[in-house]
Structure formats: C-alpha cells, structure tokens
Amino acid sequence: MTTALPTPRTRPHGAAAVVRPATARDAEALYRLSLAFARTGALRERPAALYAEQAGAFLLAEAPDGALHGCVGLRRHPAVPDAGAPAVLFNFCVAPASQGRGIGSALLRAVLDRAGAEDVTALFTATTGGGELFLRHGFRPGAHGAPAAWLAALDPARGSVVLGRTVR
C-alpha cells in the first residue's frame, strides 16, 4: 500500500489542470477514465471497488470544473514500507482529448516527486505502447531490480515492455 504523503498541487504546462492526490471520492471517475483504456487493451481492467480501496496510491490531473484529465498509480514493493524499496507505476492514462497538452508529463513529474519523498530508489512500469513519455523522463528498457512478484503478474500475451529508472 502506498503511503499517502502530501503532494503539492501542480499545474501542467499550458494546461488548465491541477495534479493532486486522489481520494476515495475520485474512485468512480478514476474507474470510468481507466475503463476506456482497459477496453482497448492498453490497461488491465480493474474492478470499480479497487479504485476506492487504492485511491491513496493515485495522483490525478483535474480540470477546474472537476473533469478528470488523467491519472497514475504508485505502488511500493514490498507493500509494507521499507527504506529503499522499488516501486511500480500503474494505471497511467490521459484522456484522449487531453493528450499532447503536458498532462502526462505533469503526472509523471509529480509521481517521480512522490516516489522520491517515499524513499523509493527505483521505479518501474510496463507499457504496451512505445513508452516515449517514459523514455523522455529517464526510463530505460529493462527489468533489472524490478519486483519479482510484479514481473510474474505481467501477462505475456499483452506484449508489455518493462521500463525502469532510478529515483535518487
């Protein structure tokens, strides 16, 4: 479980949105945004209740009117806090209408800041896409040091590429 540390609200460059920690009240919107990506195969489908249960693991990008532009989850491994543990980014998505506006970069910068504040030493993600955003932010292909349980849970049929980077 990710410790819900205060994350400052940040505004994506050139976008009318704020990045903030999610709360259980955001669970339905997180689920709806993510479901569209799960239906395309870009994300794993997760039950709606899981978003409420794990809301503290998410950061989201929100418009002034409350519309959700995007989200990303951060999960430390092992789940019990331990100095220097690796972490995994999951459920990273940006609404199609919000793509290309700096939302993904803002979410990634904010989650990197959160990971650093939580004493995470390495960060991993799996993507079915090209991973260009991650590569621009210092991620590199490879699973060395990635949590074994997380790697074992990846579905090889999805063709995901594992990317990682050091945090500090």
# chains A, B, ... in the order shown; residues from 1 in each chain; ligands from 1
$ select_by_dssp --residues "range 46-88 of chain A" --states "strand (DSSP E)" --output "list in words"
Phe58, Leu59, Leu60, Ala61, Glu62, Leu68, His69, Gly70, Cys71, Val72, Gly73, Leu74, Arg75, Arg76, Ala87 and Val88 of chain A
$ write_last_selection --atoms "N, CA, C and O atoms" --output "PDB file, in the first residue's frame"
ATOM      1  N   PHE A  58      -3.055   6.914  -6.007  1.00  0.00           N
ATOM      2  CA  PHE A  58      -3.192   7.638  -7.271  1.00  0.00           C
ATOM      3  C   PHE A  58      -2.931   9.131  -7.147  1.00  0.00           C
ATOM      4  O   PHE A  58      -3.274   9.755  -6.152  1.00  0.00           O
ATOM      5  N   LEU A  59      -2.380   9.676  -8.213  1.00  0.00           N
ATOM      6  CA  LEU A  59      -2.376  11.107  -8.474  1.00  0.00           C
ATOM      7  C   LEU A  59      -3.284  11.293  -9.680  1.00  0.00           C
ATOM      8  O   LEU A  59      -3.383  10.410 -10.534  1.00  0.00           O
ATOM      9  N   LEU A  60      -3.945  12.432  -9.733  1.00  0.00           N
ATOM     10  CA  LEU A  60      -4.785  12.703 -10.887  1.00  0.00           C
ATOM     11  C   LEU A  60      -4.598  14.126 -11.363  1.00  0.00           C
ATOM     12  O   LEU A  60      -4.156  14.993 -10.612  1.00  0.00           O
ATOM     13  N   ALA A  61      -4.910  14.330 -12.629  1.00  0.00           N
ATOM     14  CA  ALA A  61      -4.898  15.661 -13.230  1.00  0.00           C
ATOM     15  C   ALA A  61      -6.356  16.046 -13.432  1.00  0.00           C
ATOM     16  O   ALA A  61      -7.109  15.336 -14.086  1.00  0.00           O
ATOM     17  N   GLU A  62      -6.729  17.174 -12.824  1.00  0.00           N
ATOM     18  CA  GLU A  62      -8.130  17.587 -12.790  1.00  0.00           C
ATOM     19  C   GLU A  62      -8.287  18.991 -13.350  1.00  0.00           C
ATOM     20  O   GLU A  62      -7.506  19.891 -13.038  1.00  0.00           O
ATOM     21  N   LEU A  68     -11.776  14.901 -15.064  1.00  0.00           N
ATOM     22  CA  LEU A  68     -10.520  14.172 -14.898  1.00  0.00           C
ATOM     23  C   LEU A  68      -9.796  14.085 -16.242  1.00  0.00           C
ATOM     24  O   LEU A  68     -10.336  13.553 -17.210  1.00  0.00           O
ATOM     25  N   HIS A  69      -8.565  14.615 -16.290  1.00  0.00           N
ATOM     26  CA  HIS A  69      -7.742  14.565 -17.496  1.00  0.00           C
ATOM     27  C   HIS A  69      -6.882  13.315 -17.544  1.00  0.00           C
ATOM     28  O   HIS A  69      -6.560  12.830 -18.624  1.00  0.00           O
ATOM     29  N   GLY A  70      -6.429  12.826 -16.382  1.00  0.00           N
ATOM     30  CA  GLY A  70      -5.541  11.674 -16.376  1.00  0.00           C
ATOM     31  C   GLY A  70      -5.236  11.232 -14.964  1.00  0.00           C
ATOM     32  O   GLY A  70      -5.589  11.900 -13.991  1.00  0.00           O
ATOM     33  N   CYS A  71      -4.573  10.062 -14.865  1.00  0.00           N
ATOM     34  CA  CYS A  71      -4.214   9.534 -13.554  1.00  0.00           C
ATOM     35  C   CYS A  71      -3.013   8.606 -13.664  1.00  0.00           C
ATOM     36  O   CYS A  71      -2.673   8.133 -14.754  1.00  0.00           O
ATOM     37  N   VAL A  72      -2.388   8.355 -12.524  1.00  0.00           N
ATOM     38  CA  VAL A  72      -1.292   7.394 -12.420  1.00  0.00           C
ATOM     39  C   VAL A  72      -1.253   6.875 -10.987  1.00  0.00           C
ATOM     40  O   VAL A  72      -1.498   7.635 -10.047  1.00  0.00           O
ATOM     41  N   GLY A  73      -0.982   5.592 -10.849  1.00  0.00           N
ATOM     42  CA  GLY A  73      -0.848   4.985  -9.528  1.00  0.00           C
ATOM     43  C   GLY A  73       0.610   4.672  -9.232  1.00  0.00           C
ATOM     44  O   GLY A  73       1.396   4.426 -10.145  1.00  0.00           O
ATOM     45  N   LEU A  74       0.959   4.685  -7.955  1.00  0.00           N
ATOM     46  CA  LEU A  74       2.309   4.358  -7.486  1.00  0.00           C
ATOM     47  C   LEU A  74       2.172   3.325  -6.378  1.00  0.00           C
ATOM     48  O   LEU A  74       1.503   3.573  -5.376  1.00  0.00           O
ATOM     49  N   ARG A  75       2.816   2.181  -6.566  1.00  0.00           N
ATOM     50  CA  ARG A  75       2.761   1.121  -5.560  1.00  0.00           C
ATOM     51  C   ARG A  75       4.181   0.697  -5.204  1.00  0.00           C
ATOM     52  O   ARG A  75       4.941   0.286  -6.068  1.00  0.00           O
ATOM     53  N   ARG A  76       4.487   0.819  -3.916  1.00  0.00           N
ATOM     54  CA  ARG A  76       5.789   0.354  -3.420  1.00  0.00           C
ATOM     55  C   ARG A  76       5.782  -1.156  -3.305  1.00  0.00           C
ATOM     56  O   ARG A  76       4.764  -1.759  -3.031  1.00  0.00           O
ATOM     57  N   ALA A  87       9.438   0.662  -6.587  1.00  0.00           N
ATOM     58  CA  ALA A  87       8.011   0.937  -6.751  1.00  0.00           C
ATOM     59  C   ALA A  87       7.634   0.758  -8.206  1.00  0.00           C
ATOM     60  O   ALA A  87       8.494   0.734  -9.088  1.00  0.00           O
ATOM     61  N   VAL A  88       6.337   0.646  -8.428  1.00  0.00           N
ATOM     62  CA  VAL A  88       5.798   0.422  -9.766  1.00  0.00           C
ATOM     63  C   VAL A  88       4.756   1.490 -10.066  1.00  0.00           C
ATOM     64  O   VAL A  88       3.911   1.796  -9.225  1.00  0.00           O
TER      65      VAL A  88
END
$ atom_distance --atom1 "CA of Ala95 in chain A" --atom2 "CA of Ala152 in chain A"
28.7 Å
$ closest_residue --among "A:Ala57, A:Ala157, A:Cys93, A:Leu135" --to "Glu118 in chain A" --atoms "only C-alpha atoms"
A:Ala57
$ atom_distance --atom1 "CA of Leu43 in chain A" --atom2 "CA of Leu89 in chain A"
12.0 Å
$ residues_around --residues "Glu53 in chain A" --least-positions-apart "5" --cutoff "10 Å" --atoms "only C-alpha atoms" --output "PyMOL selection string"
chain A and resi 1+23-24+27+48
$ closest_atom_pairs --of "range 98-142 of chain A" --to "range 165-168 of chain A" --cutoff "10 Å" --atoms "only C-alpha atoms" --output "CSV"
residue,atom,partner,partner_atom,distance
A:Leu112,CA,A:Val167,CA,7.1
A:Asp113,CA,A:Val167,CA,8.8
A:Ala115,CA,A:Val167,CA,7.1
A:Gly116,CA,A:Val167,CA,6.1
A:Ala117,CA,A:Val167,CA,9.9
A:Asp119,CA,A:Arg168,CA,8.2
A:Val120,CA,A:Val167,CA,6.5
A:Thr121,CA,A:Val167,CA,5.0
A:Ala122,CA,A:Thr166,CA,4.3
A:Leu123,CA,A:Arg165,CA,5.5
A:Phe124,CA,A:Arg165,CA,6.7
A:Thr125,CA,A:Arg165,CA,9.3
A:Phe134,CA,A:Arg165,CA,9.2
A:Leu135,CA,A:Arg165,CA,9.4
A:His137,CA,A:Arg165,CA,8.8
A:Gly138,CA,A:Arg165,CA,6.2
A:Phe139,CA,A:Arg165,CA,4.6
A:Arg140,CA,A:Arg165,CA,6.3
A:Pro141,CA,A:Arg165,CA,8.8
A:Gly142,CA,A:Arg165,CA,9.0
$ select_by_dssp --residues "range 2-163 of chain A" --states "helix (DSSP H, G or I)" --output "ChimeraX atom specification"
/A:24-40,48-53,55-57,96-98,103-117,132-136,148-153,156-158
$ residues_around --residues "Arg44 in chain A" --least-positions-apart "6" --cutoff "10 Å" --atoms "only C-alpha atoms" --output "list in words"
Ser34, Leu35, Phe37, Ala38, Phe90, Asn91, Leu154, Asp155 and Arg158 of chain A
$ decode --residues "range 12-137 of chain A" --atoms "C-alpha atoms" --output "compact mmCIF listing (two decimals), in the first residue's frame"
# COMPACT_ATOMS: atom_id res chain seq x y z
CA PRO A 12 0.67 21.10 -16.14
CA HIS A 13 2.48 23.40 -18.55
CA GLY A 14 0.00 25.06 -20.86
CA ALA A 15 -3.00 23.19 -19.50
CA ALA A 16 -5.92 24.18 -17.34
CA ALA A 17 -5.49 21.31 -14.89
CA VAL A 18 -4.10 20.63 -11.44
CA VAL A 19 -2.26 17.47 -10.37
CA ARG A 20 -3.33 16.33 -6.92
CA PRO A 21 -3.59 13.18 -4.80
CA ALA A 22 -6.77 11.19 -5.39
CA THR A 23 -9.25 10.44 -2.64
CA ALA A 24 -11.93 7.78 -2.33
CA ARG A 25 -14.39 10.37 -3.71
CA ASP A 26 -12.47 10.21 -7.00
CA ALA A 27 -12.83 6.44 -7.36
CA GLU A 28 -15.75 6.45 -9.81
CA ALA A 29 -14.07 8.99 -12.11
CA LEU A 30 -10.79 7.02 -11.97
CA TYR A 31 -12.67 3.86 -12.87
CA ARG A 32 -14.55 5.48 -15.78
CA LEU A 33 -11.38 7.02 -17.26
CA SER A 34 -9.41 3.79 -16.88
CA LEU A 35 -12.16 1.55 -18.25
CA ALA A 36 -11.94 3.20 -21.67
CA PHE A 37 -8.23 2.28 -21.82
CA ALA A 38 -8.86 -1.22 -20.48
CA ARG A 39 -11.35 -1.84 -23.28
CA THR A 40 -8.62 -1.07 -25.84
CA GLY A 41 -6.14 -3.38 -24.08
CA ALA A 42 -3.86 -0.51 -23.03
CA LEU A 43 -4.63 -1.10 -19.33
CA ARG A 44 -5.65 -4.08 -17.27
CA GLU A 45 -9.29 -3.94 -16.31
CA ARG A 46 -9.72 -3.46 -12.57
CA PRO A 47 -12.97 -3.64 -10.58
CA ALA A 48 -14.51 -0.29 -9.65
CA ALA A 49 -14.19 -1.07 -5.92
CA LEU A 50 -10.42 -1.34 -6.28
CA TYR A 51 -10.16 2.35 -7.18
CA ALA A 52 -11.86 3.33 -3.91
CA GLU A 53 -9.72 0.89 -1.93
CA GLN A 54 -6.47 2.11 -3.52
CA ALA A 55 -7.32 5.79 -4.08
CA GLY A 56 -4.36 6.91 -1.95
CA ALA A 57 -1.99 5.33 -4.47
CA PHE A 58 -3.19 7.64 -7.27
CA LEU A 59 -2.38 11.11 -8.47
CA LEU A 60 -4.78 12.70 -10.89
CA ALA A 61 -4.90 15.66 -13.23
CA GLU A 62 -8.13 17.59 -12.79
CA ALA A 63 -9.67 20.49 -14.68
CA PRO A 64 -11.08 23.46 -12.75
CA ASP A 65 -14.59 22.10 -13.41
CA GLY A 66 -13.65 18.76 -11.82
CA ALA A 67 -13.23 16.82 -15.08
CA LEU A 68 -10.52 14.17 -14.90
CA HIS A 69 -7.74 14.57 -17.50
CA GLY A 70 -5.54 11.67 -16.38
CA CYS A 71 -4.21 9.53 -13.55
CA VAL A 72 -1.29 7.39 -12.42
CA GLY A 73 -0.85 4.99 -9.53
CA LEU A 74 2.31 4.36 -7.49
CA ARG A 75 2.76 1.12 -5.56
CA ARG A 76 5.79 0.35 -3.42
CA HIS A 77 7.13 -3.19 -3.33
CA PRO A 78 7.03 -4.77 -0.91
CA ALA A 79 3.69 -3.29 0.12
CA VAL A 80 4.93 -2.79 3.69
CA PRO A 81 7.01 0.43 3.83
CA ASP A 82 10.71 -0.33 3.76
CA ALA A 83 13.52 2.14 3.18
CA GLY A 84 14.86 1.88 -0.32
CA ALA A 85 12.10 -0.30 -1.78
CA PRO A 86 11.39 -0.25 -5.52
CA ALA A 87 8.01 0.94 -6.75
CA VAL A 88 5.80 0.42 -9.77
CA LEU A 89 3.78 2.93 -11.77
CA PHE A 90 0.44 1.52 -12.82
CA ASN A 91 -2.81 2.56 -14.44
CA PHE A 92 -1.19 5.57 -16.14
CA CYS A 93 -3.63 7.13 -18.59
CA VAL A 94 -4.54 10.51 -20.06
CA ALA A 95 -7.97 11.16 -21.58
CA PRO A 96 -7.71 11.25 -25.39
CA ALA A 97 -8.94 14.87 -25.57
CA SER A 98 -6.22 15.89 -23.09
CA GLN A 99 -3.27 14.17 -24.76
CA GLY A 100 -0.49 16.35 -26.16
CA ARG A 101 -1.14 19.12 -23.61
CA GLY A 102 1.50 18.26 -20.99
CA ILE A 103 -0.85 16.29 -18.74
CA GLY A 104 1.15 13.04 -18.94
CA SER A 105 4.43 14.86 -18.28
CA ALA A 106 2.94 16.70 -15.32
CA LEU A 107 1.60 13.45 -13.85
CA LEU A 108 4.94 11.73 -14.38
CA ARG A 109 6.91 14.58 -12.75
CA ALA A 110 4.51 14.58 -9.78
CA VAL A 111 4.71 10.82 -9.30
CA LEU A 112 8.53 10.98 -9.51
CA ASP A 113 8.45 13.63 -6.77
CA ARG A 114 6.16 11.44 -4.67
CA ALA A 115 8.42 8.42 -5.19
CA GLY A 116 11.43 10.44 -4.05
CA ALA A 117 9.55 11.61 -0.95
CA GLU A 118 8.69 8.00 -0.14
CA ASP A 119 12.34 6.91 -0.31
CA VAL A 120 11.82 4.84 -3.45
CA THR A 121 15.13 4.03 -5.10
CA ALA A 122 13.93 2.55 -8.40
CA LEU A 123 10.73 2.94 -10.36
CA PHE A 124 9.31 0.52 -12.95
CA THR A 125 6.40 0.44 -15.34
CA ALA A 126 5.10 -1.81 -18.09
CA THR A 127 3.68 -0.34 -21.26
CA THR A 128 2.04 -1.79 -24.33
CA GLY A 129 2.91 1.38 -26.23
CA GLY A 130 6.24 2.78 -27.32
CA GLY A 131 6.98 4.38 -23.95
CA GLU A 132 8.21 7.66 -25.43
CA LEU A 133 6.99 9.71 -22.47
CA PHE A 134 8.81 7.45 -20.02
CA LEU A 135 11.99 7.48 -22.12
CA ARG A 136 11.95 11.30 -22.15
CA HIS A 137 11.84 11.20 -18.34
